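S.K.: Sharing my_file.txt below, compact mmCIF, C-alpha atoms:
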```txt
# COMPACT_ATOMS: atom_id res chain seq x y z
CA MET A 1 -44.10 -59.37 -39.11
CA SER A 2 -45.30 -59.68 -35.52
CA ALA A 3 -44.43 -61.23 -32.18
CA THR A 4 -45.72 -61.10 -28.64
CA GLU A 5 -42.77 -58.98 -27.53
CA GLU A 6 -40.92 -56.13 -29.22
CA HIS A 7 -37.43 -54.82 -28.50
CA VAL A 8 -36.42 -51.48 -30.03
CA PHE A 9 -32.83 -50.41 -30.67
CA ASP A 10 -31.95 -46.84 -31.69
CA LEU A 11 -28.59 -47.19 -33.43
CA SER A 12 -27.61 -43.54 -33.21
CA LEU A 13 -28.85 -42.81 -29.68
CA TYR A 14 -25.43 -42.83 -28.01
CA LEU A 15 -23.39 -41.47 -30.91
CA ALA A 16 -25.54 -38.58 -32.09
CA HIS A 17 -25.78 -36.57 -28.85
CA ARG A 18 -23.58 -35.33 -26.04
CA THR A 19 -26.40 -36.09 -23.61
CA VAL A 20 -29.21 -38.58 -23.91
CA PRO A 21 -32.83 -37.36 -24.15
CA SER A 22 -34.52 -36.62 -20.83
CA ASP A 23 -36.81 -39.65 -21.15
CA VAL A 24 -33.89 -42.05 -21.61
CA THR A 25 -31.85 -43.45 -18.71
CA SER A 26 -28.18 -42.64 -19.14
CA PRO A 27 -26.06 -45.75 -19.75
CA ASP A 28 -22.96 -46.95 -17.95
CA LEU A 29 -19.60 -47.20 -19.72
CA LEU A 30 -17.26 -50.18 -19.43
CA ILE A 31 -13.66 -49.79 -20.64
CA LEU A 32 -11.98 -53.16 -21.16
CA ASN A 33 -8.27 -53.93 -21.19
CA GLN A 34 -8.13 -53.59 -24.95
CA PRO A 35 -6.91 -50.84 -27.31
CA ILE A 36 -9.15 -47.76 -27.61
CA SER A 37 -8.98 -47.20 -31.34
CA ASP A 38 -11.17 -44.13 -31.89
CA PHE A 39 -10.93 -41.14 -29.54
CA ALA A 40 -14.00 -39.41 -31.00
CA VAL A 41 -16.21 -42.44 -30.37
CA PHE A 42 -14.73 -42.91 -26.90
CA ALA A 43 -15.36 -39.25 -25.99
CA ARG A 44 -18.94 -39.38 -27.22
CA LEU A 45 -19.73 -42.53 -25.23
CA TRP A 46 -18.06 -41.01 -22.17
CA SER A 47 -20.16 -37.86 -22.46
CA VAL A 48 -23.50 -39.73 -22.45
CA SER A 49 -22.59 -42.11 -19.61
CA ARG A 50 -23.62 -41.71 -15.97
CA TYR A 51 -21.02 -44.09 -14.48
CA ARG A 52 -17.66 -44.98 -16.01
CA LEU A 53 -15.78 -48.11 -14.97
CA CYS A 54 -12.41 -49.45 -16.08
CA ALA A 55 -12.09 -53.22 -15.85
CA ASP A 56 -8.64 -53.66 -14.25
CA GLY A 57 -6.10 -52.99 -17.04
CA GLY A 58 -8.70 -50.95 -18.90
CA ALA A 59 -7.41 -48.10 -16.74
CA ASN A 60 -3.98 -48.53 -18.35
CA ARG A 61 -5.61 -48.24 -21.79
CA LEU A 62 -7.46 -45.09 -20.74
CA TYR A 63 -4.33 -43.50 -19.29
CA ASP A 64 -2.10 -44.42 -22.25
CA MET A 65 -4.54 -43.03 -24.79
CA PHE A 66 -3.70 -39.55 -23.58
CA SER A 67 -0.23 -39.11 -24.96
CA GLY A 68 1.24 -36.58 -27.33
CA GLU A 69 -1.25 -33.86 -28.25
CA LEU A 70 -3.96 -35.42 -26.06
CA GLU A 71 -1.91 -35.51 -22.86
CA ALA A 72 -3.31 -32.23 -21.53
CA ARG A 73 -6.81 -33.72 -21.65
CA ARG A 74 -6.09 -36.72 -19.43
CA THR A 75 -7.46 -34.97 -16.34
CA ASP A 76 -10.81 -34.45 -18.14
CA TYR A 77 -11.45 -38.19 -18.18
CA ILE A 78 -11.25 -39.63 -14.67
CA PRO A 79 -13.25 -42.86 -14.25
CA ASP A 80 -15.61 -43.36 -11.35
CA SER A 81 -14.16 -46.77 -10.61
CA ILE A 82 -11.40 -49.24 -11.45
CA HIS A 83 -12.48 -52.76 -10.56
CA GLY A 84 -11.22 -56.31 -11.06
CA ASP A 85 -8.60 -58.63 -9.65
CA LEU A 86 -6.11 -55.80 -10.32
CA ASP A 87 -3.37 -58.09 -11.62
CA SER A 88 -2.95 -55.86 -14.70
CA LEU A 89 -3.33 -52.38 -13.21
CA ARG A 90 -0.02 -50.49 -13.23
CA ASP A 91 1.10 -48.71 -10.06
CA ASP A 92 1.57 -45.36 -11.79
CA VAL A 93 -1.92 -45.53 -13.31
CA ARG A 94 -3.48 -46.51 -10.01
CA SER A 95 -1.80 -43.62 -8.18
CA TYR A 96 -2.80 -41.12 -10.87
CA TYR A 97 -6.50 -41.96 -10.78
CA VAL A 98 -6.75 -42.46 -7.01
CA ASP A 99 -5.20 -39.02 -6.48
CA ARG A 100 -7.99 -37.59 -8.64
CA GLY A 101 -10.89 -39.27 -6.91
CA ALA A 102 -11.36 -42.59 -8.69
CA GLU A 103 -12.39 -45.57 -6.58
CA VAL A 104 -10.20 -48.67 -6.87
CA SER A 105 -11.71 -51.94 -5.67
CA GLN A 106 -10.51 -55.51 -5.89
CA ASP A 107 -12.37 -58.76 -6.41
CA PRO A 108 -9.86 -61.63 -6.12
CA ASP A 109 -12.27 -64.33 -7.39
CA GLN A 110 -10.33 -66.32 -9.99
CA TYR A 111 -13.47 -68.06 -11.26
CA SER A 112 -14.90 -64.89 -12.78
CA THR A 113 -13.43 -62.57 -15.38
CA ASP A 114 -12.93 -58.84 -15.07
CA PHE A 115 -15.95 -58.45 -17.37
CA GLY A 116 -18.11 -60.42 -14.98
CA LYS A 117 -16.74 -58.53 -12.00
CA ALA A 118 -17.56 -55.25 -13.74
CA MET A 119 -21.15 -56.36 -14.32
CA GLN A 120 -21.52 -57.08 -10.61
CA LYS A 121 -20.14 -53.62 -9.83
CA PHE A 122 -22.64 -52.00 -12.18
CA SER A 123 -25.49 -53.95 -10.56
CA ALA A 124 -24.49 -52.64 -7.15
CA ASN A 125 -24.91 -49.08 -8.46
CA HIS A 126 -28.48 -49.60 -9.65
CA SER A 127 -31.68 -50.25 -7.79
CA ALA A 128 -32.92 -53.83 -7.94
CA GLY A 129 -35.10 -54.55 -10.96
CA SER A 130 -34.15 -51.41 -12.89
CA SER A 131 -33.38 -51.46 -16.60
CA ARG A 132 -29.71 -50.97 -17.45
CA GLU A 133 -27.79 -50.15 -20.59
CA VAL A 134 -24.02 -50.69 -20.66
CA LEU A 135 -21.78 -49.40 -23.43
CA VAL A 136 -18.73 -51.64 -23.83
CA LEU A 137 -15.50 -50.38 -25.38
CA GLY A 138 -13.78 -53.51 -26.59
CA THR A 139 -12.51 -55.37 -29.61
CA LEU A 140 -13.23 -58.47 -31.66
CA ALA A 141 -9.82 -58.24 -33.33
CA GLY A 142 -6.61 -59.70 -31.99
CA ARG A 143 -6.86 -63.07 -30.25
CA VAL A 144 -9.75 -65.19 -31.49
CA ASP A 145 -10.33 -66.81 -28.10
CA GLN A 146 -10.67 -63.44 -26.39
CA GLY A 147 -13.09 -62.15 -29.03
CA LEU A 148 -15.29 -65.24 -28.74
CA GLY A 149 -14.97 -65.06 -24.98
CA LEU A 150 -16.32 -61.51 -25.02
CA LEU A 151 -19.37 -62.59 -27.04
CA HIS A 152 -19.87 -65.45 -24.59
CA GLU A 153 -19.82 -63.07 -21.63
CA MET A 154 -22.27 -60.71 -23.28
CA THR A 155 -24.88 -63.41 -23.75
CA ARG A 156 -24.22 -64.85 -20.27
CA GLU A 157 -24.88 -61.49 -18.63
CA GLU A 158 -27.99 -60.72 -20.67
CA THR A 159 -29.31 -64.22 -20.01
CA LYS A 160 -28.95 -63.65 -16.26
CA ASP A 161 -30.71 -60.26 -16.38
CA ALA A 162 -33.54 -59.60 -18.81
CA ARG A 163 -33.36 -55.86 -17.98
CA LEU A 164 -29.73 -55.56 -19.10
CA ARG A 165 -28.73 -54.48 -22.61
CA LEU A 166 -25.09 -54.45 -23.74
CA TRP A 167 -23.77 -52.44 -26.68
CA LEU A 168 -20.32 -53.42 -27.96
CA TYR A 169 -18.38 -50.64 -29.69
CA SER A 170 -15.41 -52.26 -31.40
CA GLU A 171 -12.98 -50.77 -33.90
CA THR A 172 -15.45 -50.35 -36.76
CA ASN A 173 -18.74 -51.85 -35.62
CA VAL A 174 -21.60 -51.63 -33.17
CA SER A 175 -22.85 -55.05 -32.07
CA PHE A 176 -25.59 -56.23 -29.73
CA ILE A 177 -27.70 -59.27 -28.97
CA LEU A 178 -31.17 -59.66 -30.41
CA ARG A 179 -33.28 -61.68 -28.00
CA SER A 180 -36.04 -64.12 -28.89
CA ALA A 181 -38.55 -61.48 -29.95
CA HIS A 182 -39.53 -59.07 -32.67
CA ASN A 183 -36.52 -56.74 -32.76
CA ILE A 184 -36.75 -53.29 -34.38
CA ILE A 185 -33.49 -51.51 -35.23
CA LYS A 186 -33.97 -47.82 -36.04
CA GLY A 187 -31.77 -45.16 -37.62
CA ALA A 188 -29.71 -47.37 -39.90
CA LEU A 189 -29.85 -44.83 -42.75
CA SER A 190 -31.14 -41.53 -41.38
CA SER A 191 -28.39 -41.14 -38.80
CA ARG A 192 -25.71 -41.31 -41.53
CA GLN A 193 -23.44 -42.91 -38.96
CA PHE A 194 -23.40 -46.39 -40.45
CA THR A 195 -22.50 -48.07 -43.71
CA GLU A 196 -24.79 -50.53 -45.46
CA ASN A 197 -22.82 -53.52 -44.15
CA VAL A 198 -24.68 -55.64 -41.60
CA GLY A 199 -24.66 -59.20 -40.31
CA ILE A 200 -26.93 -61.40 -38.20
CA LEU A 201 -24.88 -64.20 -36.68
CA PRO A 202 -26.17 -67.23 -34.74
CA VAL A 203 -23.05 -67.40 -32.57
CA TYR A 204 -25.09 -68.60 -29.58
CA GLY A 205 -26.73 -71.57 -31.32
CA PRO A 206 -29.23 -72.38 -34.08
CA ALA A 207 -32.02 -69.89 -34.74
CA THR A 208 -34.87 -69.28 -37.14
CA ILE A 209 -35.12 -65.69 -38.32
CA SER A 210 -37.33 -63.49 -40.49
CA THR A 211 -36.12 -60.06 -41.60
CA SER A 212 -37.24 -56.93 -43.40
CA GLY A 213 -35.23 -53.86 -44.41
CA LEU A 214 -32.22 -55.74 -45.80
CA GLU A 215 -31.12 -56.37 -49.36
CA TRP A 216 -31.43 -60.12 -48.83
CA ASP A 217 -34.40 -60.57 -46.52
CA VAL A 218 -35.42 -64.00 -45.32
CA GLN A 219 -38.58 -65.56 -43.92
CA SER A 220 -38.56 -68.38 -41.36
CA TRP A 221 -34.94 -69.02 -42.32
CA LYS A 222 -32.90 -71.51 -40.31
CA THR A 223 -29.45 -70.19 -39.51
CA GLN A 224 -26.61 -71.98 -37.76
CA MET A 225 -22.83 -71.73 -37.64
CA GLY A 226 -21.35 -74.26 -40.05
CA ARG A 227 -24.49 -74.21 -42.18
CA GLN A 228 -26.01 -70.93 -43.41
CA VAL A 229 -25.56 -67.45 -41.93
CA SER A 230 -26.51 -63.91 -42.98
CA THR A 231 -23.14 -62.19 -43.27
CA SER A 232 -22.27 -59.34 -45.67
CA ASN A 233 -25.89 -58.31 -45.94
CA HIS A 234 -26.86 -54.71 -46.81
CA VAL A 235 -29.20 -52.21 -45.17
CA LYS A 236 -31.95 -50.97 -47.49
CA ALA A 237 -34.38 -49.31 -45.05
CA ASP A 238 -34.03 -46.97 -42.11
CA GLU A 239 -35.88 -49.45 -39.92
CA ILE A 240 -34.79 -53.08 -39.81
CA HIS A 241 -37.00 -55.81 -38.37
CA VAL A 242 -35.63 -59.13 -37.14
CA LEU A 243 -37.90 -61.79 -35.72
CA THR A 244 -35.92 -64.60 -34.09
CA ASN A 245 -36.72 -67.58 -31.90
CA ALA A 246 -33.26 -67.64 -30.28
CA PRO A 247 -30.57 -65.05 -29.44
CA VAL A 248 -28.49 -63.86 -32.40
CA LEU A 249 -25.76 -61.24 -32.72
CA PHE A 250 -26.58 -58.16 -34.80
CA THR A 251 -23.60 -56.17 -36.04
CA ILE A 252 -23.41 -53.09 -38.26
CA GLU A 253 -20.40 -51.17 -39.55
CA ARG A 254 -19.91 -47.59 -38.39
CA THR A 255 -18.80 -44.69 -40.53
CA ARG A 256 -16.15 -42.40 -39.09
CA LEU A 257 -17.71 -40.09 -36.52
CA ARG A 258 -18.22 -36.66 -38.06
CA THR A 259 -15.52 -34.10 -37.29
CA ASP A 260 -18.10 -31.64 -35.97
CA VAL A 261 -18.62 -33.84 -32.92
CA ASP A 262 -17.52 -32.01 -29.79
CA ALA A 263 -15.25 -34.30 -27.80
CA THR A 264 -15.45 -32.16 -24.64
CA PRO A 265 -16.47 -34.48 -21.80
CA ALA A 266 -19.75 -34.07 -19.97
CA GLN A 267 -19.21 -33.97 -16.20
```
Could I get this file's structure written as structure tokens?

M.R.:
Amino acid sequence: MSATEEHVFDLSLYLAHRTVPSDVTSPDLLILNQPISDFAVFARLWSVSRYRLCADGGANRLYDMFSGELEARRTDYIPDSIHGDLDSLRDDVRSYYVDRGAEVSQDPDQYSTDFGKAMQKFSANHSAGSSREVLVLGTLAGRVDQGLGLLHEMTREETKDARLRLWLYSETNVSFILRSAHNIIKGALSSRQFTENVGILPVYGPATISTSGLEWDVQSWKTQMGRQVSTSNHVKADEIHVLTNAPVLFTIERTRLRTDVDATPAQ
């Protein structure tokens, strides 16, 4: 399997370490206004991130997560910024984070979503032309329109910027876009952080894909919503190869993060 361009994804890179390797640029973290379902995963993504941004009501979700036995740890997790149209941000949450050094900024544009506003904020914190990785804490559960809208925004942002890569960490899965290229996904088995369950979904339009490393591999296989799709496939090799002529969504199920993971935040 070959192509003129290769994209490599290391599945365990942001979950296996409290800091990223020295030769890897630290990612940004985007917290959406959606439930944060797994504190251990949240804490690990926070620890590897260089810049942490709450999209409007995402600050409410961050604040509310620290209740009960976690309340004493709230001060350990102060975002760098809260940004959006701020129609969802509660007054008590705003005061709490502002008093502890978080920046709060408003973009009143009603023709862009808080996700899009957050992407613009991230861009302003990077030098022009630099590669960027953004870890997104969100969900594909709940309202169907919001879940599909999130996938739409991911592909819109990556289409606008070829140097941007988005990783979506939802309740049980890690999902990302495979561009038109030879895509290599590493660590599916050796990291022991994922189950065998994987899917390659043409949610952005028809595609022709070839794969290796899966139980049901395909060659020059046409895939399209409403016709044939590769859902409920199984990982059979540590390295998965996907050659596609159009963007597709790759999604793999996570195992529960091991209990030996230190959730102490990196400052």

S.K.: Select, from A:Ala246, A:Leu45, A:Val198, A:Val134, the residue with the minimum atom-to-atom distance to Arg163 of chain A, counting all atoms listed in the file.

M.R.: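 Distance minimum relative to Arg163 of chain A lands on A:Val134.
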
S.K.: Restricting the calculation to all atoms listed in the file: of A:Gly116, A:Gly138, A:Pro108, A:Gly149, which residue gets closest to Trp167 of chain A?

M.R.: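 Once distances to Trp167 of chain A are computed over all atoms listed in the file, the minimum belongs to A:Gly138.
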
S.K.: For Ala59 of chain A, which residue out of A:Val218, A:Leu86, A:Val93, A:Ile177 is the nearest one, using only C-alpha atoms?

M.R.: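 Smallest distance to Ala59 of chain A is found for A:Val93.
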
S.K.: Mind listing whatever residues come within 6 Å of the point (-16.8, -45.0, -13.3)? Use only C-alpha atoms, file coordinates, and give them as a ChimeraX atom specification.

M.R.: /A:51-53,79-81

S.K.: Write out as a list in words each polymer residue whose atoms come within 10 Å of Gly187 of chain A, counting only C-alpha atoms; drop sequence neighbours fewer than 6 positions from it.

M.R.: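 Here the answer would be Phe9, Asp10, Leu11, Ser12, Leu13, Gln193, Phe194, Ala237, Asp238, Glu239 and Ile240 of chain A.
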
S.K.: At a cut-off of 10 Å, using all atoms listed in the file, what residues contact Leu89 of chain A? Leave out same-chain residues fewer than 6 positions from it and give the result as number ranges by chain.

M.R.: A: 33, 54-61, 82-83

S.K.: Ser230 of chain A: which residues within 7 Å, counting only C-alpha atoms, same-chain residues fewer than 4 positions away excluded, as an NGL selection string?

M.R.: :A and (199-201)

S.K.: For Phe122 of chain A, which residue out of A:Met154, A:Ala72, A:Leu30, A:Leu168 is the nearest one, using all atoms listed in the file?

M.R.: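 Selected residue with least distance to Phe122 of chain A: A:Leu30.
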
S.K.: Contacts of Arg192 of chain A at 10 Å or less, counting all atoms listed in the file, minus same-chain residues fewer than 4 places along, as a PyMOL selection string?

M.R.: chain A and resi 12+16+187-188+254-258

S.K.: Out of A:Val41, A:Met65, A:Val144, A:Val20, which residue has the shortest atom-to-atom distance to Val174 of chain A when counting all atoms listed in the file?

M.R.: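 Checking each candidate against Val174 of chain A, we get A:Val41 as the closest.
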
S.K.: Which residue out of A:Val242, A:Val8, A:Leu15, A:Val203 has the minimum interatomic distance to Leu148 of chain A when all atoms listed in the file are used?

M.R.: A:Val203

S.K.: What is the atom CA of Ala124 of chain A to atom CA of Glu158 of chain A distance in Å?

M.R.: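 Spanning atom CA of Ala124 of chain A to atom CA of Glu158 of chain A is a straight-line distance of 16.1 Å.
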
S.K.: To one decimal place in Å, what is the distance between atom CA of Lys186 of chain A and atom CA of Ser170 of chain A?

M.R.: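 Calculated distance between atom CA of Lys186 of chain A and atom CA of Ser170 of chain A is 19.6 Å.
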
S.K.: Suppose you want the space between atom CA of Ser210 of chain A and atom CA of Thr244 of chain A; what is it in Å?

M.R.: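 So the two atoms, atom CA of Ser210 of chain A and atom CA of Thr244 of chain A, lie 6.6 Å apart.
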
S.K.: Produce the centre coordinates and the three edge lengths, each in Å to one decimal, of the box along x, y and z that contains all listed atoms of segment 91-99 of chain A with 4 Å added on each side, as AutoDock Vina command-line options.

M.R.:
```
--center_x -2.6 --center_y -43.9 --center_z -9.9 --size_x 16.3 --size_y 17.7 --size_z 14.8
```

S.K.: Which residues, written as a list of chain:residue names, have at least one atom at most 12 Å from Asn245 of chain A, with all atoms listed in the file counted and residues fewer than 2 positions away on the same chain left out?

M.R.: A:Ala3, A:Thr4, A:Glu5, A:Leu178, A:Arg179, A:Ser180, A:Ala181, A:His182, A:Asn183, A:Pro202, A:Tyr204, A:Gly205, A:Pro206, A:Ala207, A:Thr208, A:Ile209, A:Ser210, A:Ser220, A:Trp221, A:Lys222, A:Thr223, A:Val242, A:Leu243, A:Pro247, A:Val248

S.K.: Could all heavy atoms be built for segment 175-186 of chain A and written out as a tab-separated table (two decimals), in the coordinates of the input?

M.R.:
```tsv
chain	number	residue	atom	x	y	z
A	175	SER	N	-22.26	-53.72	-32.11
A	175	SER	CA	-22.85	-55.05	-32.07
A	175	SER	C	-23.67	-55.21	-30.80
A	175	SER	O	-23.31	-54.68	-29.75
A	175	SER	CB	-21.75	-56.13	-32.10
A	175	SER	OG	-20.86	-55.94	-33.19
A	176	PHE	N	-24.76	-55.96	-30.90
A	176	PHE	CA	-25.59	-56.23	-29.73
A	176	PHE	C	-26.40	-57.49	-29.98
A	176	PHE	O	-26.53	-57.96	-31.12
A	176	PHE	CB	-26.50	-55.04	-29.39
A	176	PHE	CG	-27.19	-54.41	-30.57
A	176	PHE	CD1	-28.38	-54.91	-31.05
A	176	PHE	CD2	-26.62	-53.30	-31.20
A	176	PHE	CE1	-29.02	-54.33	-32.13
A	176	PHE	CE2	-27.26	-52.70	-32.29
A	176	PHE	CZ	-28.45	-53.22	-32.75
A	177	ILE	N	-26.95	-58.03	-28.90
A	177	ILE	CA	-27.70	-59.27	-28.97
A	177	ILE	C	-29.17	-58.98	-29.24
A	177	ILE	O	-29.77	-58.12	-28.60
A	177	ILE	CB	-27.56	-60.06	-27.66
A	177	ILE	CG1	-26.08	-60.45	-27.43
A	177	ILE	CG2	-28.44	-61.31	-27.66
A	177	ILE	CD1	-25.79	-60.97	-26.04
A	178	LEU	N	-29.74	-59.69	-30.18
A	178	LEU	CA	-31.17	-59.66	-30.41
A	178	LEU	C	-31.77	-60.86	-29.70
A	178	LEU	O	-31.42	-62.01	-29.98
A	178	LEU	CB	-31.50	-59.72	-31.91
A	178	LEU	CG	-30.88	-58.64	-32.79
A	178	LEU	CD1	-31.33	-58.83	-34.24
A	178	LEU	CD2	-31.26	-57.24	-32.30
A	179	ARG	N	-32.65	-60.60	-28.75
A	179	ARG	CA	-33.28	-61.68	-28.00
A	179	ARG	C	-34.40	-62.34	-28.82
A	179	ARG	O	-34.76	-61.87	-29.89
A	179	ARG	CB	-33.85	-61.14	-26.68
A	179	ARG	CG	-32.81	-60.53	-25.75
A	179	ARG	CD	-33.50	-59.94	-24.53
A	179	ARG	NE	-32.57	-59.20	-23.67
A	179	ARG	CZ	-32.00	-59.69	-22.58
A	179	ARG	NH1	-32.25	-60.95	-22.24
A	179	ARG	NH2	-31.20	-58.95	-21.85
A	180	SER	N	-34.92	-63.41	-28.26
A	180	SER	CA	-36.04	-64.12	-28.89
A	180	SER	C	-37.27	-63.22	-28.85
A	180	SER	O	-37.98	-63.18	-27.85
A	180	SER	CB	-36.31	-65.44	-28.15
A	180	SER	OG	-35.14	-66.22	-28.10
A	181	ALA	N	-37.50	-62.49	-29.92
A	181	ALA	CA	-38.55	-61.48	-29.95
A	181	ALA	C	-38.61	-60.89	-31.35
A	181	ALA	O	-37.87	-61.27	-32.25
A	181	ALA	CB	-38.29	-60.39	-28.91
A	182	HIS	N	-39.49	-59.91	-31.48
A	182	HIS	CA	-39.53	-59.07	-32.67
A	182	HIS	C	-38.65	-57.86	-32.38
A	182	HIS	O	-39.00	-57.01	-31.56
A	182	HIS	CB	-40.97	-58.65	-32.97
A	182	HIS	CG	-41.10	-57.73	-34.14
A	182	HIS	ND1	-42.30	-57.11	-34.45
A	182	HIS	CD2	-40.21	-57.29	-35.06
A	182	HIS	CE1	-42.14	-56.35	-35.52
A	182	HIS	NE2	-40.87	-56.44	-35.90
A	183	ASN	N	-37.49	-57.79	-33.00
A	183	ASN	CA	-36.52	-56.74	-32.76
A	183	ASN	C	-36.59	-55.68	-33.86
A	183	ASN	O	-36.60	-56.02	-35.05
A	183	ASN	CB	-35.10	-57.32	-32.71
A	183	ASN	CG	-34.94	-58.33	-31.58
A	183	ASN	OD1	-34.66	-57.96	-30.45
A	183	ASN	ND2	-35.12	-59.61	-31.89
A	184	ILE	N	-36.66	-54.41	-33.45
A	184	ILE	CA	-36.75	-53.29	-34.38
A	184	ILE	C	-35.51	-52.42	-34.20
A	184	ILE	O	-35.27	-51.89	-33.11
A	184	ILE	CB	-38.03	-52.47	-34.13
A	184	ILE	CG1	-39.26	-53.39	-34.20
A	184	ILE	CG2	-38.13	-51.32	-35.13
A	184	ILE	CD1	-40.54	-52.71	-33.71
A	185	ILE	N	-34.73	-52.29	-35.27
A	185	ILE	CA	-33.49	-51.51	-35.23
A	185	ILE	C	-33.71	-50.26	-36.06
A	185	ILE	O	-33.93	-50.33	-37.27
A	185	ILE	CB	-32.30	-52.32	-35.77
A	185	ILE	CG1	-32.10	-53.59	-34.93
A	185	ILE	CG2	-31.03	-51.49	-35.75
A	185	ILE	CD1	-32.64	-54.84	-35.56
A	186	LYS	N	-33.65	-49.09	-35.39
A	186	LYS	CA	-33.97	-47.82	-36.04
A	186	LYS	C	-32.71	-47.00	-36.33
A	186	LYS	O	-31.70	-47.14	-35.66
A	186	LYS	CB	-34.90	-47.00	-35.15
A	186	LYS	CG	-36.26	-47.65	-34.90
A	186	LYS	CD	-37.15	-46.74	-34.06
A	186	LYS	CE	-38.54	-47.32	-33.89
A	186	LYS	NZ	-39.42	-46.42	-33.10
```
